[in-house]
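Chemist: The structure that follows is given in the form of structure tokens.
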Amino acid sequence: MALIPFPINTFNHFQTCLPDILEEEISRASIRLRLHNSPQTDEERRLYQEELERLSALKYISQLRKGKLSLHDFSLKVELTAL
């Protein structure tokens, strides 16, 4: 399984923000994924995959914050990147 690239500044924001803000972003990302509704073109599939990876990373951050995921396990799933 490939690591999910995720911007470190976005990670820092969601790692320190109020829990409700993170959960709201997870909800918005989930809704955006449902609205994609069977991507047809390569571009739509690429955008769908990026949104899916973002949602996965946000969920991993949520698990990390709740203590359900260790920092080591997080780093096996998500690669923090500079912009």
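Residues in the structure tokens are named by chain (A, B, ... in the order shown) and by number from 1 within that chain; ligands are numbered from 1 in the order shown.
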Would you pick out the contacts of A:His36 at 10 Å or less, using only C-alpha atoms, so that residues sharing its chain but fewer than 4 positions from it are not included, and give the list as an MDAnalysis selection string?

Modeler: chainID A and resid 31:32 40 44:45 47:48 51

Chemist: Using DSSP secondary structure from the backbone, list all alpha helix (DSSP H) positions within stretch 12-74 of chain A, as a PyMOL selection string.

Modeler: chain A and resi 12-16+19-36+42-65+71-74

Chemist: Which polymer residues have any atom within 12 Å of an atom of stretch 55-57 of chain A, counting only C-alpha atoms, with same-chain residues fewer than 3 positions away left out, as a CSV table (one decimal) with N, CA, C and O atoms, in the first residue's frame?

Modeler:
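The new file out23.csv reads:
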chain,number,residue,atom,x,y,z
A,3,LEU,N,2.0,5.2,0.5
A,3,LEU,CA,1.7,6.2,1.5
A,3,LEU,C,0.8,7.3,0.9
A,3,LEU,O,1.0,7.6,-0.3
A,4,ILE,N,0.0,7.8,1.7
A,4,ILE,CA,-0.9,8.9,1.2
A,4,ILE,C,-0.1,10.3,1.4
A,4,ILE,O,0.2,10.6,2.6
A,5,PRO,N,0.1,11.0,0.4
A,5,PRO,CA,0.8,12.3,0.6
A,5,PRO,C,-0.2,13.3,1.2
A,5,PRO,O,-1.3,13.4,0.8
A,6,PHE,N,0.3,14.0,2.2
A,6,PHE,CA,-0.6,15.0,2.8
A,6,PHE,C,0.3,16.2,3.3
A,6,PHE,O,1.3,16.0,3.9
A,7,PRO,N,-0.1,17.4,3.0
A,7,PRO,CA,0.7,18.6,3.4
A,7,PRO,C,0.9,18.7,4.9
A,7,PRO,O,-0.1,18.6,5.6
A,8,ILE,N,2.1,19.0,5.3
A,8,ILE,CA,2.4,19.0,6.7
A,8,ILE,C,1.7,20.2,7.4
A,8,ILE,O,1.3,20.1,8.5
A,10,THR,N,-1.2,21.4,6.6
A,10,THR,CA,-2.6,21.0,6.8
A,10,THR,C,-2.7,20.1,8.0
A,10,THR,O,-3.6,20.1,8.8
A,11,PHE,N,-1.7,19.1,8.1
A,11,PHE,CA,-1.7,18.2,9.2
A,11,PHE,C,-1.6,19.0,10.5
A,11,PHE,O,-2.3,18.7,11.4
A,14,PHE,N,-5.0,20.6,11.4
A,14,PHE,CA,-6.0,19.6,11.9
A,14,PHE,C,-5.5,18.9,13.2
A,14,PHE,O,-6.4,18.4,13.9
A,15,GLN,N,-4.3,18.8,13.4
A,15,GLN,CA,-3.8,18.2,14.6
A,15,GLN,C,-4.0,19.1,15.9
A,15,GLN,O,-4.2,18.6,17.0
A,22,LEU,N,-12.3,19.4,12.7
A,22,LEU,CA,-11.8,18.2,12.0
A,22,LEU,C,-12.9,17.3,11.6
A,22,LEU,O,-13.0,16.9,10.4
A,23,GLU,N,-13.9,17.1,12.4
A,23,GLU,CA,-15.0,16.2,12.1
A,23,GLU,C,-15.9,16.9,11.0
A,23,GLU,O,-16.4,16.1,10.2
A,24,GLU,N,-16.0,18.2,11.0
A,24,GLU,CA,-16.8,18.9,10.0
A,24,GLU,C,-16.1,18.7,8.6
A,24,GLU,O,-16.7,18.5,7.6
A,25,GLU,N,-14.8,18.8,8.6
A,25,GLU,CA,-14.0,18.6,7.4
A,25,GLU,C,-14.1,17.2,6.8
A,25,GLU,O,-14.2,16.9,5.6
A,26,ILE,N,-14.1,16.2,7.7
A,26,ILE,CA,-14.3,14.8,7.4
A,26,ILE,C,-15.7,14.7,6.7
A,26,ILE,O,-15.9,14.0,5.7
A,27,SER,N,-16.7,15.3,7.3
A,27,SER,CA,-18.1,15.2,6.8
A,27,SER,C,-18.2,15.8,5.4
A,27,SER,O,-18.8,15.3,4.5
A,28,ARG,N,-17.5,17.0,5.2
A,28,ARG,CA,-17.6,17.7,3.9
A,28,ARG,C,-16.8,16.8,2.9
A,28,ARG,O,-17.3,16.7,1.7
A,29,ALA,N,-15.7,16.2,3.2
A,29,ALA,CA,-15.0,15.4,2.3
A,29,ALA,C,-15.8,14.2,1.9
A,29,ALA,O,-15.8,13.8,0.7
A,30,SER,N,-16.5,13.6,2.8
A,30,SER,CA,-17.4,12.4,2.5
A,30,SER,C,-18.5,12.8,1.6
A,30,SER,O,-18.8,12.1,0.6
A,31,ILE,N,-19.1,14.0,1.8
A,31,ILE,CA,-20.1,14.4,0.9
A,31,ILE,C,-19.6,14.7,-0.5
A,31,ILE,O,-20.2,14.3,-1.5
A,32,ARG,N,-18.4,15.3,-0.6
A,32,ARG,CA,-17.8,15.6,-1.9
A,32,ARG,C,-17.6,14.3,-2.7
A,32,ARG,O,-17.8,14.2,-3.9
A,33,LEU,N,-17.2,13.2,-1.9
A,33,LEU,CA,-16.9,12.0,-2.6
A,33,LEU,C,-18.2,11.4,-3.1
A,33,LEU,O,-18.3,10.8,-4.2
A,34,ARG,N,-19.3,11.4,-2.3
A,34,ARG,CA,-20.6,10.9,-2.8
A,34,ARG,C,-21.1,11.7,-4.0
A,34,ARG,O,-21.8,11.1,-4.8
A,48,TYR,N,-11.1,12.3,-8.0
A,48,TYR,CA,-11.8,11.4,-7.0
A,48,TYR,C,-10.8,10.7,-6.1
A,48,TYR,O,-11.0,10.6,-4.9
A,49,GLN,N,-9.7,10.2,-6.7
A,49,GLN,CA,-8.7,9.5,-6.0
A,49,GLN,C,-8.0,10.5,-5.0
A,49,GLN,O,-7.7,10.1,-3.8
A,50,GLU,N,-7.8,11.7,-5.4
A,50,GLU,CA,-7.2,12.7,-4.5
A,50,GLU,C,-8.1,13.0,-3.3
A,50,GLU,O,-7.6,13.1,-2.2
A,51,GLU,N,-9.4,13.1,-3.6
A,51,GLU,CA,-10.3,13.4,-2.5
A,51,GLU,C,-10.4,12.2,-1.6
A,51,GLU,O,-10.5,12.4,-0.4
A,52,LEU,N,-10.4,11.0,-2.1
A,52,LEU,CA,-10.4,9.8,-1.3
A,52,LEU,C,-9.2,9.7,-0.4
A,52,LEU,O,-9.3,9.4,0.8
A,60,TYR,N,-7.3,9.3,9.5
A,60,TYR,CA,-6.1,8.9,10.3
A,60,TYR,C,-5.7,9.9,11.3
A,60,TYR,O,-5.3,9.6,12.4
A,61,ILE,N,-5.8,11.2,10.9
A,61,ILE,CA,-5.5,12.3,11.9
A,61,ILE,C,-6.5,12.2,13.1
A,61,ILE,O,-6.1,12.4,14.2
A,62,SER,N,-7.7,12.0,12.8
A,62,SER,CA,-8.8,11.9,13.8
A,62,SER,C,-8.4,10.7,14.8
A,62,SER,O,-8.5,10.9,16.0
A,63,GLN,N,-8.0,9.6,14.2
A,63,GLN,CA,-7.7,8.4,15.0
A,63,GLN,C,-6.4,8.7,15.8
A,63,GLN,O,-6.4,8.3,17.0
A,64,LEU,N,-5.5,9.4,15.3
A,64,LEU,CA,-4.3,9.8,16.0
A,64,LEU,C,-4.6,10.7,17.2
A,64,LEU,O,-4.1,10.5,18.3
A,74,PHE,N,0.7,5.9,12.1
A,74,PHE,CA,0.2,7.0,11.2
A,74,PHE,C,1.3,7.2,10.1
A,74,PHE,O,0.9,7.4,8.9
A,75,SER,N,2.5,7.2,10.5
A,75,SER,CA,3.6,7.4,9.5
A,75,SER,C,3.7,6.3,8.5
A,75,SER,O,4.3,6.5,7.4
A,76,LEU,N,3.2,5.1,8.8
A,76,LEU,CA,3.2,4.0,7.9
A,76,LEU,C,2.0,4.2,6.8
A,76,LEU,O,2.0,3.5,5.8
A,77,LYS,N,1.1,5.1,7.1
A,77,LYS,CA,0.0,5.3,6.2
A,77,LYS,C,0.0,6.6,5.5
A,77,LYS,O,-0.4,6.7,4.3
A,78,VAL,N,0.5,7.6,6.1
A,78,VAL,CA,0.5,9.0,5.6
A,78,VAL,C,1.9,9.5,5.5
A,78,VAL,O,2.7,9.4,6.5
A,79,GLU,N,2.3,10.1,4.4
A,79,GLU,CA,3.6,10.8,4.2
A,79,GLU,C,3.3,12.3,4.3
A,79,GLU,O,2.6,12.9,3.4
A,80,LEU,N,3.9,13.0,5.3
A,80,LEU,CA,3.7,14.4,5.4
A,80,LEU,C,4.6,15.1,4.4
A,80,LEU,O,5.8,14.8,4.4

Chemist: Could you check how far atom CA of A:Arg65 sits from atom CA of A:Thr81, in Å to one decimal?

Modeler: 19.3 Å

Chemist: How far is it from atom CA of A:Leu83 to atom CA of A:Leu35, in Å with one decimal?

Modeler: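 Computed distance, atom CA of A:Leu83 to atom CA of A:Leu35, equals 27.2 Å.
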
Chemist: Run DSSP on the backbone and give me the residues of chain A it puts in strand (DSSP E or B), as a list in words.

Modeler: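 Taking chain A and keeping strand (DSSP E or B) only, one gets Ile4, Pro5, Phe6, Pro7, Val78, Glu79, Leu80 and Thr81 of chain A.
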
Chemist: For the residues in that selection, give me N, CA, C and O atoms as a short mmCIF file (atom, residue, chain, number, x, y, z; two decimals), in the first residue's frame.

Modeler:
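Everything below was put into again-v9.cif:
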data_model
loop_
_atom_site.label_atom_id
_atom_site.label_comp_id
_atom_site.auth_asym_id
_atom_site.auth_seq_id
_atom_site.Cartn_x
_atom_site.Cartn_y
_atom_site.Cartn_z
N ILE A 4 -0.04 7.85 1.66
CA ILE A 4 -0.90 8.95 1.22
C ILE A 4 -0.14 10.25 1.44
O ILE A 4 0.21 10.58 2.57
N PRO A 5 0.13 11.01 0.37
CA PRO A 5 0.80 12.30 0.57
C PRO A 5 -0.18 13.31 1.17
O PRO A 5 -1.34 13.40 0.76
N PHE A 6 0.28 14.04 2.18
CA PHE A 6 -0.57 15.02 2.85
C PHE A 6 0.30 16.19 3.30
O PHE A 6 1.35 15.97 3.92
N PRO A 7 -0.11 17.43 3.00
CA PRO A 7 0.71 18.61 3.36
C PRO A 7 0.90 18.73 4.88
O PRO A 7 -0.06 18.63 5.64
N VAL A 78 0.55 7.63 6.13
CA VAL A 78 0.53 8.99 5.57
C VAL A 78 1.95 9.54 5.51
O VAL A 78 2.70 9.43 6.47
N GLU A 79 2.27 10.15 4.38
CA GLU A 79 3.56 10.82 4.22
C GLU A 79 3.31 12.33 4.26
O GLU A 79 2.60 12.86 3.40
N LEU A 80 3.86 12.99 5.26
CA LEU A 80 3.69 14.43 5.37
C LEU A 80 4.65 15.10 4.38
O LEU A 80 5.84 14.80 4.37
N THR A 81 4.10 16.00 3.58
CA THR A 81 4.88 16.65 2.52
C THR A 81 4.85 18.16 2.70
O THR A 81 3.92 18.71 3.26
#
